[in-house]
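S.K.: Dropping a structure here in structure tokens format, bear with me for questions.
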Amino acid sequence: MERQYRLQKNKAFQYVYHRGKSVACRDLVMLVAKSKGMKVGFSVSKKVGNAVTRNKVKRRLRECFRPYLGGVKNGLYVVVARPSAAEATFQSLQRDVRYLLKKHNVLSPALHQDKPQAEARQRPARQN
RNA sequence: CGAGGUGGCAAGGCGAUCGCGUGCCUCCGGGCAUGAGGAAAGUCCGAGCACCAUAGGGCAGGAUGCCGGCUAACGGCCGGUGGAGGCGACUCCAAGGAGAGUGCAACAGAAAUAAACCGCAGGGGUUCCGAUCCAUCAGUCAUCCGUCAACGGCGGAUGGAAAGUGAGAGGAAAGCCCUGUAAGGAUGGAAAGGCGAGGUAAGAGCUCACCCGCGGCUUGGCGACUUGUCCGCGCUGUAAACCCCAUCUGGUGCAAGAUACGUAUGAGGACACAUGCGGCUGCCCGUCGCGUCCCCGGUAUCGCUCGAGCCUGCGCGGCAACGCCAGGCCUGGAUAGAUGAUCGACCCUCGACAGAACUCGGCUUACUGUCACGCUCGCUUU
RNA sequence: GGCUCCUUGGUCAAGCGGUUAAGACACCGCCCUUUCACGGCGGCUACAGGGGUUCGAAUCCCCUAGGAGUCA
């Protein structure tokens, strides 16, 4: 995920926590605030685990969110991992991210019905 | 074969698709190269580096603590000494001073850092028994008072009819006083060196032999230490209690700090008014600065990775840690923080512990697999 | 990332190296009351873990684990 799409400053996170709307499932919480730019941030606290597991969860979340970059409304997104996310598989995280985006109703019409492009591209490979 | 000991090595790799950080090139489409660890961890030590005054003085505080060496330095490493553990290979040890001083040693025990409670022994005095001797017709009992350290004696008085009152070898029993003694005494972590013999009234390093420890002298060693001597002595433990001695030690830490653009010893609020306040360490000196406190205060770049660096040599010196020499190599530098997802087969245990954040040298802790040994012990077979 | 500190019953806590580790609240049982509350009596349950020093450690030292605070 390129740097221009990242939410970086602590103040920006604080802004999203104050102004954003939140939707959650068992492993994740997603907050969205309206903005002209498109930025995503990931928050994984020390409760999730040690540095290795935290990094792993962050990488997986980044990979899950990447296909939707062009396909959702602009805004400030923050994805918070709950402690149970350490045990979740990549596939379940993928499902959760898609479910939360849908619940926020930010998916563009093209992607609302079908699978995202990146995932569609991976489908045939997985079937092999 | 089993149980150990020591030392080393590795930390899944390969291919495909998508994706990320950094560097270089670019025809701006992209391409090429490279990208976590042995502990990156804990932050327990030591340094570099930066700022604080040039890093200052004294006290306090802190750290280390057998010896020699290595190292930039260290609480690290190597080699040795002493002690402890193990049948052994081998391992472990904050291992200076208790003979400078202070403190503490609960409970138990006679007694706790210095004696004398019991005991043992000698002497004194008391009572009782008492062969025998003197005296005598008989020779005793009760109460009261005084006295001595004394439930006992002595002296006196009174009463029972009156009066008066000896000596004693030796023995016994109890309690008392003085002296000697530290052998024995159920305890305790520790009891005044141990054990045996002599010695004695009883005893005692009082004397002797052997042993243990300390000190002196002495042999060897740079030294810790060690060998001998028997010259002197017999001293509780605790310093991870205070302390003494020796050595080291200024503070803060890359959120250090520097630069640029905004421009600034800034805006707002509260309090105070120089024998004061703050910084440099806790205090004093010295020195620098001049209100103090609360709250708010942007972004970018540098610091930032070539370094006490890594690899090779059967190189040279050294037992070794390590040093020297020669040749070769460049090997993360992010800043919400880069290694992931999917597929394929392989090792067949589906891969443990675990992610750089200024950088090094160690220590400690977590943890998987494997190899070597002209290392040890035991069993079996030949 | 650096620095500083703390762990004692279920909770809050005291504790000079020396008995069976105070105390309060809570909980349980009994008494009191027609019953509950209050009160009284009794009980229950702990030194974060592992080593070391010491005759003896909750206390002193080291390591580990967990938890706080602080620095922009």
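Going through the structure tokens in order, the chains are called A, B, and so on, while each chain numbers its residues from 1 and the ligands are numbered from 1 in the order shown.
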Mind the document's chain letters and residue numbers, and return as a ChimeraX atom specification the residues of range 55-118 of chain A that DSSP labels alpha helix (DSSP H).

M.R.: /A:55-65,90-104,109-113,117-118

S.K.: Could you write those residues out with N, CA, C and O atoms, as a compact mmCIF listing (two decimals), in the first residue's frame?

M.R.:
```
# COMPACT_ATOMS: atom_id res chain seq x y z
N ASN A 55 2.77 -7.20 13.96
CA ASN A 55 3.18 -6.92 12.59
C ASN A 55 2.43 -7.79 11.60
O ASN A 55 2.00 -7.33 10.55
N LYS A 56 2.27 -9.05 11.97
CA LYS A 56 1.60 -9.99 11.07
C LYS A 56 0.15 -9.55 10.84
O LYS A 56 -0.32 -9.54 9.70
N VAL A 57 -0.53 -9.18 11.90
CA VAL A 57 -1.92 -8.75 11.77
C VAL A 57 -2.00 -7.50 10.90
O VAL A 57 -2.86 -7.38 10.03
N LYS A 58 -1.09 -6.58 11.11
CA LYS A 58 -1.10 -5.34 10.32
C LYS A 58 -0.89 -5.62 8.84
O LYS A 58 -1.58 -5.07 7.98
N ARG A 59 0.07 -6.50 8.55
CA ARG A 59 0.34 -6.84 7.14
C ARG A 59 -0.88 -7.47 6.50
O ARG A 59 -1.24 -7.16 5.38
N ARG A 60 -1.51 -8.37 7.23
CA ARG A 60 -2.66 -9.05 6.66
C ARG A 60 -3.79 -8.07 6.42
O ARG A 60 -4.43 -8.11 5.37
N LEU A 61 -4.00 -7.14 7.35
CA LEU A 61 -5.08 -6.17 7.18
C LEU A 61 -4.79 -5.27 5.97
O LEU A 61 -5.70 -4.96 5.20
N ARG A 62 -3.54 -4.88 5.84
CA ARG A 62 -3.17 -4.03 4.71
C ARG A 62 -3.45 -4.75 3.39
O ARG A 62 -3.98 -4.17 2.44
N GLU A 63 -3.10 -6.04 3.38
CA GLU A 63 -3.30 -6.84 2.17
C GLU A 63 -4.80 -7.01 1.91
O GLU A 63 -5.23 -7.01 0.75
N CYS A 64 -5.61 -7.10 2.96
CA CYS A 64 -7.05 -7.27 2.79
C CYS A 64 -7.68 -6.00 2.25
O CYS A 64 -8.64 -6.05 1.47
N PHE A 65 -7.14 -4.86 2.68
CA PHE A 65 -7.78 -3.61 2.30
C PHE A 65 -7.36 -3.16 0.91
O PHE A 65 -8.06 -2.42 0.25
N PHE A 90 -6.19 -15.53 7.35
CA PHE A 90 -6.26 -14.47 6.36
C PHE A 90 -7.63 -14.42 5.69
O PHE A 90 -8.20 -13.35 5.48
N GLN A 91 -8.19 -15.57 5.38
CA GLN A 91 -9.48 -15.62 4.71
C GLN A 91 -10.58 -15.01 5.57
O GLN A 91 -11.43 -14.28 5.07
N SER A 92 -10.56 -15.29 6.85
CA SER A 92 -11.62 -14.75 7.70
C SER A 92 -11.48 -13.24 7.83
O SER A 92 -12.46 -12.51 7.89
N LEU A 93 -10.24 -12.74 7.87
CA LEU A 93 -10.03 -11.30 7.91
C LEU A 93 -10.55 -10.65 6.63
O LEU A 93 -11.17 -9.60 6.66
N GLN A 94 -10.30 -11.32 5.50
CA GLN A 94 -10.80 -10.81 4.21
C GLN A 94 -12.31 -10.66 4.23
O GLN A 94 -12.86 -9.63 3.86
N ARG A 95 -12.98 -11.69 4.73
CA ARG A 95 -14.45 -11.66 4.80
C ARG A 95 -14.90 -10.53 5.70
O ARG A 95 -15.84 -9.80 5.40
N ASP A 96 -14.19 -10.36 6.85
CA ASP A 96 -14.61 -9.34 7.81
C ASP A 96 -14.47 -7.94 7.21
O ASP A 96 -15.35 -7.09 7.40
N VAL A 97 -13.37 -7.69 6.50
CA VAL A 97 -13.16 -6.36 5.91
C VAL A 97 -14.26 -6.05 4.91
O VAL A 97 -14.84 -4.96 4.91
N ARG A 98 -14.60 -7.03 4.07
CA ARG A 98 -15.63 -6.83 3.07
C ARG A 98 -16.98 -6.57 3.74
O ARG A 98 -17.70 -5.65 3.36
N TYR A 99 -17.27 -7.33 4.82
CA TYR A 99 -18.52 -7.19 5.55
C TYR A 99 -18.64 -5.81 6.16
O TYR A 99 -19.68 -5.15 6.09
N LEU A 100 -17.51 -5.33 6.74
CA LEU A 100 -17.55 -4.03 7.41
C LEU A 100 -17.71 -2.90 6.40
O LEU A 100 -18.44 -1.93 6.64
N LEU A 101 -17.02 -3.02 5.26
CA LEU A 101 -17.15 -1.99 4.22
C LEU A 101 -18.59 -1.94 3.72
O LEU A 101 -19.15 -0.86 3.51
N LYS A 102 -19.18 -3.09 3.56
CA LYS A 102 -20.55 -3.18 3.09
C LYS A 102 -21.49 -2.51 4.08
O LYS A 102 -22.41 -1.78 3.72
N LYS A 103 -21.23 -2.76 5.36
CA LYS A 103 -22.08 -2.21 6.41
C LYS A 103 -21.98 -0.70 6.46
O LYS A 103 -22.94 -0.01 6.81
N HIS A 104 -20.79 -0.18 6.14
CA HIS A 104 -20.60 1.27 6.09
C HIS A 104 -21.25 1.87 4.84
O HIS A 104 -21.38 3.09 4.73
N PRO A 109 -20.87 1.24 -6.64
CA PRO A 109 -21.87 0.32 -7.19
C PRO A 109 -21.28 -0.85 -7.95
O PRO A 109 -21.79 -1.97 -7.88
N ALA A 110 -20.18 -0.63 -8.67
CA ALA A 110 -19.59 -1.70 -9.47
C ALA A 110 -19.13 -2.84 -8.59
O ALA A 110 -19.26 -4.02 -8.93
N LEU A 111 -18.59 -2.48 -7.43
CA LEU A 111 -18.04 -3.50 -6.55
C LEU A 111 -19.08 -4.03 -5.56
O LEU A 111 -18.84 -5.00 -4.86
N HIS A 112 -20.21 -3.35 -5.50
CA HIS A 112 -21.18 -3.71 -4.47
C HIS A 112 -21.74 -5.09 -4.68
O HIS A 112 -21.96 -5.84 -3.72
N GLN A 113 -21.91 -5.45 -5.93
CA GLN A 113 -22.50 -6.76 -6.21
C GLN A 113 -21.42 -7.82 -6.36
O GLN A 113 -21.50 -8.88 -5.78
N GLN A 117 -11.90 -6.64 -7.83
CA GLN A 117 -11.10 -7.09 -8.97
C GLN A 117 -9.92 -7.95 -8.54
O GLN A 117 -9.65 -9.00 -9.13
N ALA A 118 -9.21 -7.51 -7.54
CA ALA A 118 -8.01 -8.24 -7.14
C ALA A 118 -8.36 -9.64 -6.69
O ALA A 118 -7.68 -10.60 -7.05
```

S.K.: Identify, with DSSP run on backbone atoms, the residues in range 7-70 of chain A assigned to strand (DSSP E or B), and express the list as number ranges by chain.

M.R.: A: 21-24, 28-33, 38-44

S.K.: Set the distance at 12 Å and use only C-alpha atoms (C1' of nucleotides): which residues neighbour A26 in chain C once local chain neighbours fewer than 5 positions away are removed? I'd like the list as a ChimeraX atom specification.

M.R.: /C:9-12,44-45

S.K.: Residues near C77 in chain B, anyone? I mean within 10 Å using only C-alpha atoms (C1' of nucleotides), not counting same-chain ones fewer than 5 positions away, as a PyMOL selection string.

M.R.: chain B and resi 70-71+321-322+362

S.K.: Identify every residue of chain B that has at least one atom within 9 Å of any atom of chain A, counting only C-alpha atoms (C1' of nucleotides), and report the result as a PyMOL selection string.

M.R.: chain B and resi 17-20+336+340-343+354-355

S.K.: Please list as a compact mmCIF listing (two decimals) with all heavy atoms, in the first residue's frame every residue within 10 Å of range 47-50 of chain C, counting only C-alpha atoms (C1' of nucleotides) and excluding residues in the same chain fewer than 3 positions away.

M.R.:
```txt
# COMPACT_ATOMS: atom_id res chain seq x y z
P U C 7 5.01 -3.07 46.66
OP1 U C 7 4.66 -2.82 48.06
OP2 U C 7 6.24 -3.83 46.33
O5' U C 7 3.78 -3.76 45.96
C5' U C 7 3.45 -5.10 46.25
C4' U C 7 2.60 -5.69 45.16
O4' U C 7 3.23 -5.48 43.88
C3' U C 7 2.39 -7.20 45.29
O3' U C 7 1.07 -7.54 44.93
C2' U C 7 3.41 -7.77 44.32
O2' U C 7 3.03 -9.01 43.80
C1' U C 7 3.46 -6.71 43.23
N1 U C 7 4.77 -6.65 42.55
C2 U C 7 5.01 -7.45 41.44
O2 U C 7 4.20 -8.22 40.99
N3 U C 7 6.25 -7.32 40.89
C4 U C 7 7.25 -6.49 41.31
O4 U C 7 8.32 -6.48 40.70
C5 U C 7 6.94 -5.69 42.45
C6 U C 7 5.74 -5.80 43.02
P U C 8 -0.09 -7.56 46.04
OP1 U C 8 -1.16 -8.44 45.53
OP2 U C 8 -0.40 -6.18 46.44
O5' U C 8 0.62 -8.29 47.26
C5' U C 8 0.86 -9.69 47.24
C4' U C 8 0.81 -10.26 48.62
O4' U C 8 1.65 -9.48 49.51
C3' U C 8 -0.55 -10.22 49.30
O3' U C 8 -1.35 -11.31 48.87
C2' U C 8 -0.19 -10.30 50.78
O2' U C 8 0.11 -11.63 51.15
C1' U C 8 1.10 -9.48 50.82
N1 U C 8 0.87 -8.09 51.25
C2 U C 8 0.79 -7.84 52.60
O2 U C 8 0.88 -8.71 53.42
N3 U C 8 0.58 -6.53 52.94
C4 U C 8 0.45 -5.47 52.08
O4 U C 8 0.26 -4.35 52.54
C5 U C 8 0.54 -5.80 50.69
C6 U C 8 0.74 -7.07 50.34
P A C 21 1.02 -17.10 60.96
OP1 A C 21 0.05 -16.54 61.91
OP2 A C 21 0.65 -17.32 59.57
O5' A C 21 2.29 -16.15 60.92
C5' A C 21 2.45 -15.10 61.86
C4' A C 21 2.16 -13.74 61.25
O4' A C 21 2.95 -13.55 60.06
C3' A C 21 0.72 -13.52 60.78
O3' A C 21 -0.13 -13.18 61.86
C2' A C 21 0.91 -12.39 59.76
O2' A C 21 1.03 -11.15 60.40
C1' A C 21 2.24 -12.78 59.12
N9 A C 21 2.04 -13.59 57.92
C8 A C 21 2.15 -14.93 57.80
N7 A C 21 1.93 -15.38 56.58
C5 A C 21 1.66 -14.23 55.85
C6 A C 21 1.36 -14.02 54.51
N6 A C 21 1.27 -15.01 53.62
N1 A C 21 1.16 -12.77 54.10
C2 A C 21 1.26 -11.79 54.98
N3 A C 21 1.54 -11.86 56.28
C4 A C 21 1.74 -13.13 56.65
P A C 58 9.84 -15.73 54.35
OP1 A C 58 9.61 -15.76 55.80
OP2 A C 58 9.71 -16.99 53.57
O5' A C 58 8.82 -14.67 53.72
C5' A C 58 8.74 -14.49 52.33
C4' A C 58 8.30 -13.08 52.00
O4' A C 58 7.32 -12.69 52.99
C3' A C 58 9.40 -12.02 52.09
O3' A C 58 10.09 -11.90 50.88
C2' A C 58 8.61 -10.76 52.43
O2' A C 58 8.11 -10.15 51.27
C1' A C 58 7.44 -11.31 53.26
N9 A C 58 7.61 -11.13 54.71
C8 A C 58 7.66 -12.11 55.66
N7 A C 58 7.77 -11.65 56.87
C5 A C 58 7.79 -10.28 56.71
C6 A C 58 7.90 -9.22 57.63
N6 A C 58 7.99 -9.39 58.95
N1 A C 58 7.89 -7.98 57.14
C2 A C 58 7.78 -7.79 55.84
N3 A C 58 7.67 -8.71 54.87
C4 A C 58 7.68 -9.94 55.38
P U C 59 11.69 -11.64 50.91
OP1 U C 59 12.09 -11.34 49.53
OP2 U C 59 12.32 -12.75 51.64
O5' U C 59 11.86 -10.33 51.78
C5' U C 59 11.49 -9.06 51.24
C4' U C 59 11.62 -7.96 52.28
O4' U C 59 10.96 -8.40 53.49
C3' U C 59 13.06 -7.62 52.65
O3' U C 59 13.20 -6.21 52.75
C2' U C 59 13.24 -8.28 54.01
O2' U C 59 14.14 -7.61 54.83
C1' U C 59 11.83 -8.23 54.59
N1 U C 59 11.58 -9.29 55.58
C2 U C 59 11.44 -8.94 56.90
O2 U C 59 11.49 -7.80 57.29
N3 U C 59 11.22 -9.99 57.75
C4 U C 59 11.13 -11.32 57.42
O4 U C 59 10.92 -12.14 58.30
C5 U C 59 11.30 -11.60 56.04
C6 U C 59 11.51 -10.60 55.19
P C C 63 19.59 -8.51 37.80
OP1 C C 63 20.31 -7.93 36.66
OP2 C C 63 18.64 -7.70 38.58
O5' C C 63 18.82 -9.80 37.27
C5' C C 63 19.49 -10.73 36.40
C4' C C 63 18.67 -11.99 36.21
O4' C C 63 18.39 -12.59 37.50
C3' C C 63 17.28 -11.79 35.60
O3' C C 63 17.32 -11.63 34.19
C2' C C 63 16.57 -13.06 36.04
O2' C C 63 16.95 -14.16 35.25
C1' C C 63 17.12 -13.24 37.45
N1 C C 63 16.23 -12.66 38.49
C2 C C 63 15.07 -13.35 38.84
O2 C C 63 14.81 -14.41 38.28
N3 C C 63 14.26 -12.82 39.78
C4 C C 63 14.57 -11.67 40.36
N4 C C 63 13.74 -11.19 41.28
C5 C C 63 15.74 -10.94 40.02
C6 C C 63 16.54 -11.47 39.09
P U C 64 16.17 -10.74 33.47
OP1 U C 64 16.49 -10.71 32.04
OP2 U C 64 15.99 -9.49 34.23
O5' U C 64 14.85 -11.63 33.66
C5' U C 64 14.71 -12.85 32.94
C4' U C 64 13.50 -13.61 33.39
O4' U C 64 13.54 -13.80 34.83
C3' U C 64 12.16 -12.93 33.16
O3' U C 64 11.70 -13.05 31.83
C2' U C 64 11.27 -13.66 34.16
O2' U C 64 10.91 -14.93 33.68
C1' U C 64 12.22 -13.83 35.34
N1 U C 64 12.07 -12.76 36.35
C2 U C 64 10.95 -12.79 37.16
O2 U C 64 10.11 -13.66 37.09
N3 U C 64 10.88 -11.77 38.07
C4 U C 64 11.77 -10.75 38.25
O4 U C 64 11.56 -9.91 39.11
C5 U C 64 12.89 -10.77 37.36
C6 U C 64 12.99 -11.75 36.46
P A C 65 10.74 -11.91 31.21
OP1 A C 65 10.55 -12.23 29.78
OP2 A C 65 11.28 -10.59 31.60
O5' A C 65 9.36 -12.13 31.97
C5' A C 65 8.60 -13.31 31.75
C4' A C 65 7.41 -13.37 32.69
O4' A C 65 7.87 -13.36 34.07
C3' A C 65 6.47 -12.18 32.62
O3' A C 65 5.57 -12.29 31.54
C2' A C 65 5.78 -12.25 33.98
O2' A C 65 4.78 -13.24 34.01
C1' A C 65 6.94 -12.66 34.88
N9 A C 65 7.61 -11.53 35.52
C8 A C 65 8.84 -11.01 35.18
N7 A C 65 9.21 -10.00 35.92
C5 A C 65 8.16 -9.85 36.81
C6 A C 65 7.96 -8.93 37.85
N6 A C 65 8.83 -7.98 38.18
N1 A C 65 6.82 -9.02 38.56
C2 A C 65 5.94 -9.98 38.22
N3 A C 65 6.02 -10.90 37.26
C4 A C 65 7.17 -10.78 36.58
P G C 66 5.06 -10.96 30.80
OP1 G C 66 4.27 -11.38 29.63
OP2 G C 66 6.23 -10.07 30.61
O5' G C 66 4.07 -10.29 31.85
C5' G C 66 2.88 -10.96 32.23
C4' G C 66 2.27 -10.33 33.44
O4' G C 66 3.21 -10.37 34.54
C3' G C 66 1.94 -8.85 33.33
O3' G C 66 0.73 -8.61 32.63
C2' G C 66 1.86 -8.43 34.80
O2' G C 66 0.66 -8.85 35.40
C1' G C 66 3.02 -9.25 35.39
N9 G C 66 4.27 -8.47 35.46
C8 G C 66 5.37 -8.60 34.65
N7 G C 66 6.32 -7.76 34.97
C5 G C 66 5.81 -7.05 36.05
C6 G C 66 6.39 -6.01 36.82
O6 G C 66 7.49 -5.49 36.70
N1 G C 66 5.52 -5.56 37.81
C2 G C 66 4.26 -6.07 38.03
N2 G C 66 3.58 -5.52 39.02
N3 G C 66 3.71 -7.03 37.32
C4 G C 66 4.54 -7.48 36.35
```

S.K.: So which residues touch A352 in chain B within 12 Å, counting only C-alpha atoms (C1' of nucleotides), skipping near sequence neighbours fewer than 3 positions away, as a PyMOL selection string?

M.R.: chain B and resi 11+349+366-369

S.K.: Write out as a count of residues only each polymer residue whose atoms come within 10 Å of Gly20 in chain A, counting only C-alpha atoms (C1' of nucleotides); drop sequence neighbours fewer than 4 positions from it.

M.R.: 13

S.K.: Could you tell me how far C1' of G35 in chain B sits from C1' of A357 in chain B, in Å to one decimal place?

M.R.: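 Computing the Euclidean distance for C1' of A357 in chain B and C1' of G35 in chain B yields 15.4 Å.
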
S.K.: To one decimal in Å, tell me the separation between C1' of A40 in chain B and C1' of A356 in chain B.

M.R.: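 Distance reported for this atom pair: 5.5 Å.
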
S.K.: C1' of G203 in chain B and C1' of G122 in chain B are how many Å apart?

M.R.: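 Here the two named atoms are 12.4 Å from each other.
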